[in-house]
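Participant: Dumping the structure here so I can ask a few things about it.
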Amino acid sequence: EFRRVLFRSWILWLGWDLLLSQQVLDAGRFGSSWQLMVLRCAPLLVFLWGWWRDSLTGLIWFELVLLFYFVSAVEAAFAYRADLLSVVGLALIILLFSAVVMYIRLRGRELRASV
């Protein structure tokens with residue numbers, strides 16, 4: 001049981017860290033100011049709130065934030081043709097979205113079973 005929880009949290013943290021790094025790199029390559037980088041990455045902090053409180057509702061809100069990032073990544077992938085950073089960002093968003101959905105489903109079952 002502990003191994004499963006540790007493995008799931010490891011995947012979520014790695015995906016979140018990589019997506020945050022990709023967003024900083026993406027904003028930085030166009031010479032964005034640090035204020036714009038903070039505004040671009042601030043919505044990802046919803047994940048920390050949901051994770052810290054073990055709140056499935058917070059993680060569902062994070063899913064909605066990821067949908068915003070998905071739309072932005074699709075626009076960037078089509079606007080900058082053959083841009084590896086945009087495609088990597090799109091893949092990271094899809095993988096993180098899938099991992100959070102699986103976590104919500106599995107954790108929801110655990111919480112219902114314990115009640």
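Identifiers in this document derive from the order of the structure tokens: chains are assigned A, B, ..., residues are numbered from 1 separately in each chain, and ligands are numbered from 1 in order of occurrence.
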Excluding A:Leu64 and its own-chain neighbours fewer than 3 positions away, which residues fall within 12 Å of it when counting only C-alpha atoms? Please give them as number ranges by chain.

Facilitator: A: 43-44, 46-47, 57-61, 67-71, 93, 97, 100-101

Participant: Please provide the set of residues having any atom within 9 Å of A:Leu12, restricted to only C-alpha atoms, with same-chain residues fewer than 3 positions apart removed, written as a count of residues only.

Facilitator: 10

Participant: Using only C-alpha atoms, which of the listed residues (A:Gly89, A:Ala82, A:Trp10, A:Met102) sits closest to A:Val24?

Facilitator: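 Ranking A:Gly89, A:Ala82, A:Trp10, A:Met102 by distance to A:Val24, first place goes to A:Gly89.
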
Participant: Enter the distance from atom CA of A:Arg40 to atom CA of A:Leu19, in Å, rounded to one decimal.

Facilitator: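 If I compute the distance from atom CA of A:Arg40 to atom CA of A:Leu19, I get 11.6 Å.
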
Participant: Could you check which of A:Val65, A:Ile94, A:Glu75, A:Cys41 is closest to A:Gln23, using only C-alpha atoms?

Facilitator: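 Answer, going by the shortest atom-to-atom distance: A:Cys41.
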
Participant: Which distance in Å separates atom CA of A:Ser72 and atom CA of A:Trp34, to one decimal?

Facilitator: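 Separation of atom CA of A:Ser72 and atom CA of A:Trp34: 19.2 Å.
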
Participant: Separation of atom CA of A:Arg107 and atom CA of A:Ile11, in Å?

Facilitator: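 Distance between the two atoms: 14.5 Å.
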